[in-house]
$ cat upload-v3.txt   # compact mmCIF, N, CA and C atoms
# COMPACT_ATOMS: atom_id res chain seq x y z
N VAL A 14 17.06 19.46 -7.55
CA VAL A 14 18.20 19.49 -8.44
C VAL A 14 17.72 19.43 -9.89
N GLY A 15 16.73 18.56 -10.15
CA GLY A 15 16.20 18.43 -11.50
C GLY A 15 15.56 19.71 -12.01
N LEU A 16 15.03 20.52 -11.10
CA LEU A 16 14.42 21.79 -11.48
C LEU A 16 15.39 22.95 -11.36
N ASP A 17 16.67 22.62 -11.09
CA ASP A 17 17.75 23.60 -11.03
C ASP A 17 17.59 24.61 -9.89
N HIS A 18 17.04 24.14 -8.75
CA HIS A 18 16.94 25.00 -7.57
C HIS A 18 17.84 24.54 -6.44
N GLY A 19 18.46 23.40 -6.58
CA GLY A 19 19.40 22.90 -5.59
C GLY A 19 18.74 22.06 -4.51
N PRO A 20 19.55 21.29 -3.80
CA PRO A 20 19.02 20.37 -2.80
C PRO A 20 18.46 21.05 -1.56
N VAL A 21 18.99 22.18 -1.18
CA VAL A 21 18.51 22.86 0.03
C VAL A 21 17.09 23.38 -0.18
N VAL A 22 16.85 24.00 -1.32
CA VAL A 22 15.51 24.51 -1.61
C VAL A 22 14.53 23.33 -1.74
N GLY A 23 14.97 22.25 -2.38
CA GLY A 23 14.12 21.07 -2.50
C GLY A 23 13.74 20.50 -1.15
N SER A 24 14.70 20.40 -0.25
CA SER A 24 14.43 19.90 1.10
C SER A 24 13.50 20.85 1.86
N ALA A 25 13.70 22.13 1.69
CA ALA A 25 12.84 23.11 2.36
C ALA A 25 11.40 23.01 1.87
N ILE A 26 11.22 22.81 0.58
CA ILE A 26 9.86 22.68 0.03
C ILE A 26 9.18 21.42 0.56
N VAL A 27 9.92 20.31 0.60
CA VAL A 27 9.36 19.07 1.16
C VAL A 27 8.97 19.28 2.62
N GLY A 28 9.83 19.89 3.40
CA GLY A 28 9.54 20.14 4.81
C GLY A 28 8.35 21.05 5.00
N LEU A 29 8.25 22.10 4.20
CA LEU A 29 7.13 23.03 4.30
C LEU A 29 5.81 22.34 3.94
N LEU A 30 5.81 21.63 2.81
CA LEU A 30 4.58 20.95 2.39
C LEU A 30 4.16 19.87 3.39
N ALA A 31 5.12 19.07 3.85
CA ALA A 31 4.79 18.03 4.82
C ALA A 31 4.28 18.64 6.13
N GLY A 32 4.90 19.73 6.55
CA GLY A 32 4.49 20.39 7.79
C GLY A 32 3.12 21.03 7.70
N LEU A 33 2.74 21.47 6.52
CA LEU A 33 1.42 22.09 6.34
C LEU A 33 0.32 21.07 6.08
N VAL A 34 0.64 20.01 5.34
CA VAL A 34 -0.39 19.06 4.89
C VAL A 34 -0.61 17.91 5.87
N CYS A 35 0.45 17.32 6.37
CA CYS A 35 0.31 16.09 7.17
C CYS A 35 -0.39 16.28 8.52
N PRO A 36 -0.03 17.26 9.35
CA PRO A 36 -0.66 17.35 10.67
C PRO A 36 -2.19 17.47 10.66
N PRO A 37 -2.79 18.28 9.79
CA PRO A 37 -4.24 18.34 9.84
C PRO A 37 -4.95 17.12 9.22
N LEU A 38 -4.26 16.38 8.36
CA LEU A 38 -4.90 15.26 7.66
C LEU A 38 -4.70 13.91 8.32
N LEU A 39 -3.64 13.74 9.09
CA LEU A 39 -3.30 12.43 9.64
C LEU A 39 -3.24 12.48 11.16
N ALA A 40 -3.61 11.36 11.79
CA ALA A 40 -3.57 11.30 13.26
C ALA A 40 -2.15 11.49 13.78
N ALA A 41 -1.18 10.90 13.11
CA ALA A 41 0.23 11.05 13.50
C ALA A 41 0.92 12.01 12.54
N GLY A 42 0.22 13.04 12.12
CA GLY A 42 0.72 13.96 11.11
C GLY A 42 2.01 14.65 11.47
N ASP A 43 2.20 15.00 12.74
CA ASP A 43 3.45 15.65 13.15
C ASP A 43 4.64 14.71 12.91
N THR A 44 4.46 13.45 13.26
CA THR A 44 5.54 12.47 13.08
C THR A 44 5.77 12.20 11.60
N VAL A 45 4.72 12.09 10.83
CA VAL A 45 4.86 11.86 9.38
C VAL A 45 5.59 13.04 8.74
N ALA A 46 5.28 14.25 9.15
CA ALA A 46 5.96 15.42 8.62
C ALA A 46 7.44 15.39 8.97
N ALA A 47 7.76 14.98 10.20
CA ALA A 47 9.17 14.90 10.62
C ALA A 47 9.91 13.84 9.81
N VAL A 48 9.27 12.71 9.57
CA VAL A 48 9.91 11.64 8.77
C VAL A 48 10.14 12.12 7.33
N ALA A 49 9.16 12.80 6.76
CA ALA A 49 9.32 13.32 5.39
C ALA A 49 10.46 14.32 5.33
N PHE A 50 10.55 15.19 6.33
CA PHE A 50 11.63 16.18 6.36
C PHE A 50 12.98 15.48 6.53
N CYS A 51 13.03 14.45 7.37
CA CYS A 51 14.25 13.68 7.57
C CYS A 51 14.70 13.03 6.26
N ALA A 52 13.76 12.42 5.55
CA ALA A 52 14.09 11.78 4.27
C ALA A 52 14.56 12.82 3.25
N SER A 53 14.03 14.03 3.34
CA SER A 53 14.48 15.08 2.41
C SER A 53 15.93 15.47 2.69
N PHE A 54 16.39 15.30 3.93
CA PHE A 54 17.81 15.55 4.23
C PHE A 54 18.68 14.52 3.51
N ALA A 55 18.23 13.28 3.48
CA ALA A 55 18.96 12.24 2.74
C ALA A 55 19.00 12.61 1.25
N GLY A 56 17.91 13.22 0.77
CA GLY A 56 17.85 13.64 -0.63
C GLY A 56 18.83 14.74 -0.98
N MET A 57 19.44 15.34 0.02
CA MET A 57 20.43 16.39 -0.23
C MET A 57 21.81 15.82 -0.55
N ALA A 58 21.95 14.50 -0.48
CA ALA A 58 23.25 13.87 -0.77
C ALA A 58 23.64 14.12 -2.23
N THR A 59 24.91 14.24 -2.46
CA THR A 59 25.41 14.48 -3.80
C THR A 59 25.17 13.24 -4.69
N PRO A 60 24.85 13.45 -5.95
CA PRO A 60 24.62 12.32 -6.86
C PRO A 60 25.82 11.39 -7.00
N GLU A 61 27.00 11.85 -6.69
CA GLU A 61 28.18 10.97 -6.74
C GLU A 61 28.13 9.93 -5.62
N ARG A 62 27.49 10.27 -4.51
CA ARG A 62 27.38 9.35 -3.37
C ARG A 62 26.14 8.45 -3.49
N ILE A 63 25.02 9.05 -3.83
CA ILE A 63 23.76 8.31 -3.97
C ILE A 63 23.23 8.59 -5.38
N PRO A 64 23.71 7.83 -6.38
CA PRO A 64 23.31 8.12 -7.75
C PRO A 64 21.98 7.47 -8.13
N GLY A 65 21.17 8.21 -8.80
CA GLY A 65 19.93 7.66 -9.35
C GLY A 65 18.76 7.70 -8.39
N THR A 66 17.59 7.66 -8.98
CA THR A 66 16.35 7.73 -8.22
C THR A 66 16.16 6.51 -7.34
N GLY A 67 16.49 5.33 -7.85
CA GLY A 67 16.31 4.11 -7.07
C GLY A 67 17.11 4.12 -5.78
N ALA A 68 18.38 4.50 -5.88
CA ALA A 68 19.23 4.57 -4.68
C ALA A 68 18.71 5.64 -3.72
N MET A 69 18.19 6.74 -4.25
CA MET A 69 17.67 7.80 -3.39
C MET A 69 16.41 7.35 -2.68
N ILE A 70 15.57 6.57 -3.37
CA ILE A 70 14.37 6.01 -2.73
C ILE A 70 14.77 5.09 -1.58
N VAL A 71 15.81 4.29 -1.80
CA VAL A 71 16.30 3.41 -0.73
C VAL A 71 16.78 4.24 0.46
N ALA A 72 17.56 5.29 0.20
CA ALA A 72 18.06 6.14 1.28
C ALA A 72 16.91 6.79 2.05
N GLY A 73 15.89 7.25 1.34
CA GLY A 73 14.73 7.85 2.00
C GLY A 73 13.97 6.84 2.83
N ALA A 74 13.80 5.63 2.30
CA ALA A 74 13.09 4.57 3.04
C ALA A 74 13.88 4.15 4.28
N VAL A 75 15.19 4.04 4.13
CA VAL A 75 16.03 3.70 5.29
C VAL A 75 15.94 4.80 6.34
N SER A 76 15.88 6.05 5.90
CA SER A 76 15.71 7.17 6.84
C SER A 76 14.44 6.98 7.66
N GLY A 77 13.36 6.64 6.98
CA GLY A 77 12.09 6.43 7.68
C GLY A 77 12.16 5.29 8.68
N LEU A 78 12.78 4.18 8.27
CA LEU A 78 12.90 3.03 9.17
C LEU A 78 13.77 3.34 10.39
N VAL A 79 14.88 4.02 10.16
CA VAL A 79 15.76 4.37 11.27
C VAL A 79 15.06 5.38 12.19
N PHE A 80 14.31 6.30 11.62
CA PHE A 80 13.57 7.27 12.43
C PHE A 80 12.62 6.55 13.38
N VAL A 81 11.86 5.61 12.84
CA VAL A 81 10.90 4.87 13.66
C VAL A 81 11.62 4.08 14.75
N GLY A 82 12.75 3.47 14.40
CA GLY A 82 13.51 2.72 15.38
C GLY A 82 14.15 3.58 16.45
N ALA A 83 14.58 4.78 16.09
CA ALA A 83 15.28 5.66 17.02
C ALA A 83 14.35 6.54 17.84
N ALA A 84 13.13 6.72 17.38
CA ALA A 84 12.21 7.67 18.03
C ALA A 84 12.05 7.46 19.54
N PRO A 85 11.86 6.23 20.01
CA PRO A 85 11.65 6.08 21.46
C PRO A 85 12.92 6.31 22.28
N TYR A 86 14.08 6.27 21.67
CA TYR A 86 15.33 6.33 22.42
C TYR A 86 16.02 7.68 22.39
N PHE A 87 15.76 8.47 21.41
CA PHE A 87 16.48 9.74 21.25
C PHE A 87 15.53 10.93 21.25
N VAL A 88 14.59 10.94 22.16
CA VAL A 88 13.62 12.03 22.26
C VAL A 88 14.34 13.30 22.70
N GLY A 89 14.13 14.36 21.96
CA GLY A 89 14.68 15.66 22.34
C GLY A 89 16.13 15.89 21.96
N PHE A 90 16.77 14.95 21.27
CA PHE A 90 18.15 15.15 20.87
C PHE A 90 18.20 16.05 19.65
N GLY A 91 18.98 17.12 19.71
CA GLY A 91 19.14 17.99 18.56
C GLY A 91 19.97 17.32 17.48
N GLY A 92 19.66 17.59 16.24
CA GLY A 92 20.41 17.02 15.13
C GLY A 92 20.02 15.60 14.78
N LYS A 93 18.95 15.11 15.39
CA LYS A 93 18.54 13.71 15.15
C LYS A 93 18.19 13.46 13.69
N LEU A 94 17.44 14.37 13.06
CA LEU A 94 17.01 14.14 11.69
C LEU A 94 18.20 14.09 10.73
N GLY A 95 19.12 15.01 10.89
CA GLY A 95 20.30 15.02 10.02
C GLY A 95 21.19 13.81 10.24
N THR A 96 21.32 13.39 11.48
CA THR A 96 22.13 12.22 11.80
C THR A 96 21.50 10.96 11.21
N ILE A 97 20.19 10.85 11.31
CA ILE A 97 19.49 9.70 10.73
C ILE A 97 19.67 9.69 9.21
N ALA A 98 19.52 10.85 8.58
CA ALA A 98 19.68 10.92 7.12
C ALA A 98 21.10 10.56 6.72
N PHE A 99 22.08 11.03 7.47
CA PHE A 99 23.48 10.70 7.19
C PHE A 99 23.70 9.20 7.30
N THR A 100 23.16 8.59 8.35
CA THR A 100 23.28 7.15 8.55
C THR A 100 22.63 6.38 7.39
N ALA A 101 21.47 6.84 6.95
CA ALA A 101 20.78 6.18 5.84
C ALA A 101 21.59 6.28 4.56
N CYS A 102 22.22 7.43 4.32
CA CYS A 102 23.04 7.58 3.12
C CYS A 102 24.29 6.70 3.19
N LEU A 103 24.91 6.60 4.37
CA LEU A 103 26.05 5.71 4.53
C LEU A 103 25.65 4.26 4.27
N PHE A 104 24.52 3.86 4.82
CA PHE A 104 24.02 2.50 4.63
C PHE A 104 23.78 2.23 3.14
N THR A 105 23.11 3.15 2.47
CA THR A 105 22.79 2.98 1.05
C THR A 105 24.05 2.91 0.20
N ALA A 106 24.99 3.80 0.46
CA ALA A 106 26.26 3.79 -0.29
C ALA A 106 27.02 2.50 -0.01
N GLY A 107 26.98 2.03 1.24
CA GLY A 107 27.67 0.80 1.59
C GLY A 107 27.06 -0.41 0.91
N ILE A 108 25.74 -0.47 0.86
CA ILE A 108 25.07 -1.58 0.18
C ILE A 108 25.40 -1.57 -1.31
N ARG A 109 25.41 -0.38 -1.91
CA ARG A 109 25.76 -0.30 -3.34
C ARG A 109 27.19 -0.78 -3.57
N SER A 110 28.11 -0.37 -2.70
CA SER A 110 29.51 -0.78 -2.83
C SER A 110 29.65 -2.28 -2.64
N LEU A 111 28.96 -2.83 -1.66
CA LEU A 111 28.99 -4.27 -1.42
C LEU A 111 28.45 -5.03 -2.63
N GLY A 112 27.37 -4.51 -3.20
CA GLY A 112 26.80 -5.14 -4.39
C GLY A 112 27.78 -5.17 -5.55
N LYS A 113 28.53 -4.10 -5.73
CA LYS A 113 29.53 -4.05 -6.80
C LYS A 113 30.66 -5.03 -6.55
N THR A 114 30.98 -5.24 -5.26
CA THR A 114 32.06 -6.17 -4.92
C THR A 114 31.62 -7.62 -5.11
N LEU A 115 30.38 -7.91 -4.68
CA LEU A 115 29.90 -9.29 -4.76
C LEU A 115 29.47 -9.69 -6.16
N VAL A 116 28.97 -8.73 -6.94
CA VAL A 116 28.52 -9.01 -8.30
C VAL A 116 29.28 -8.10 -9.25
N PRO A 117 30.47 -8.53 -9.65
CA PRO A 117 31.27 -7.68 -10.53
C PRO A 117 30.62 -7.50 -11.89
N SER A 118 30.96 -6.40 -12.50
CA SER A 118 30.44 -6.09 -13.83
C SER A 118 30.86 -7.16 -14.83
N PRO A 119 29.97 -7.56 -15.75
CA PRO A 119 30.35 -8.57 -16.75
C PRO A 119 31.48 -8.10 -17.65
N LEU A 120 31.71 -6.79 -17.72
CA LEU A 120 32.77 -6.26 -18.56
C LEU A 120 34.09 -6.14 -17.83
N ALA A 121 34.10 -6.42 -16.51
CA ALA A 121 35.33 -6.31 -15.74
C ALA A 121 36.33 -7.35 -16.24
N GLY A 122 37.50 -6.93 -16.49
CA GLY A 122 38.55 -7.83 -16.95
C GLY A 122 38.59 -8.05 -18.45
N VAL A 123 37.61 -7.51 -19.17
CA VAL A 123 37.59 -7.65 -20.63
C VAL A 123 38.40 -6.49 -21.20
N SER A 124 39.41 -6.82 -21.96
CA SER A 124 40.21 -5.75 -22.56
C SER A 124 39.77 -5.54 -24.01
N GLY A 125 39.81 -4.31 -24.39
CA GLY A 125 39.32 -4.03 -25.73
C GLY A 125 40.34 -3.54 -26.59
$ encode --input "upload-v3.txt" --output "structure tokens"
Amino acid sequence: VGLDHGPVVGSAIVGLLAGLVCPPLLAAGDTVAAVAFCASFAGMATPERIPGTGAMIVAGAVSGLVFVGAAPYFVGFGGKLGTIAFTACLFTAGIRSLGKTLVPSPLAGVSG
């Protein structure tokens, strides 16, 4: 998005690079490439839902954690990567919303 090519092209580049680089360099390279591609799906979320780099890093990290947790149970299920990324984005948006509820803005209620 920052380079004005859109989220789909960005995700495709991450998937291509991870798929080419990780398998020959790492013992679990196939899995690392899949996790990177999964996290790139989370990166396709609109900035209105997951605003800022910090929140996007959280969504990507949650994608990786959920992938590792789900891997032994959902072998061969189609759509697993997208579903995991969607779940990670929901979790991240929910945590942000909860944080806003529990820690209100210091300017809330101040009239000008």
$ closest_residue --input "upload-v3.txt" --among "A:Val81, A:Val88, A:Ala72, A:Ala41" --to "Leu103 in chain A" --atoms "only C-alpha atoms"
A:Ala72
$ residues_around --input "upload-v3.txt" --residues "Val27 in chain A" --least-positions-apart "2" --cutoff "8 Å" --atoms "only N, CA and C atoms" --output "list in words"
Val21, Val22, Gly23, Ser24, Ala25, Leu29, Leu30, Ala31, Gly32, Leu33, Ala46, Ala49, Phe50, Cys51 and Ser53 of chain A
$ atom_distance --input "upload-v3.txt" --atom1 "atom N of Gly92 in chain A" --atom2 "atom C of Ala58 in chain A"
19.2 Å
$ atom_distance --input "upload-v3.txt" --atom1 "CA of Ile108 in chain A" --atom2 "atom C of Leu78 in chain A"
16.0 Å
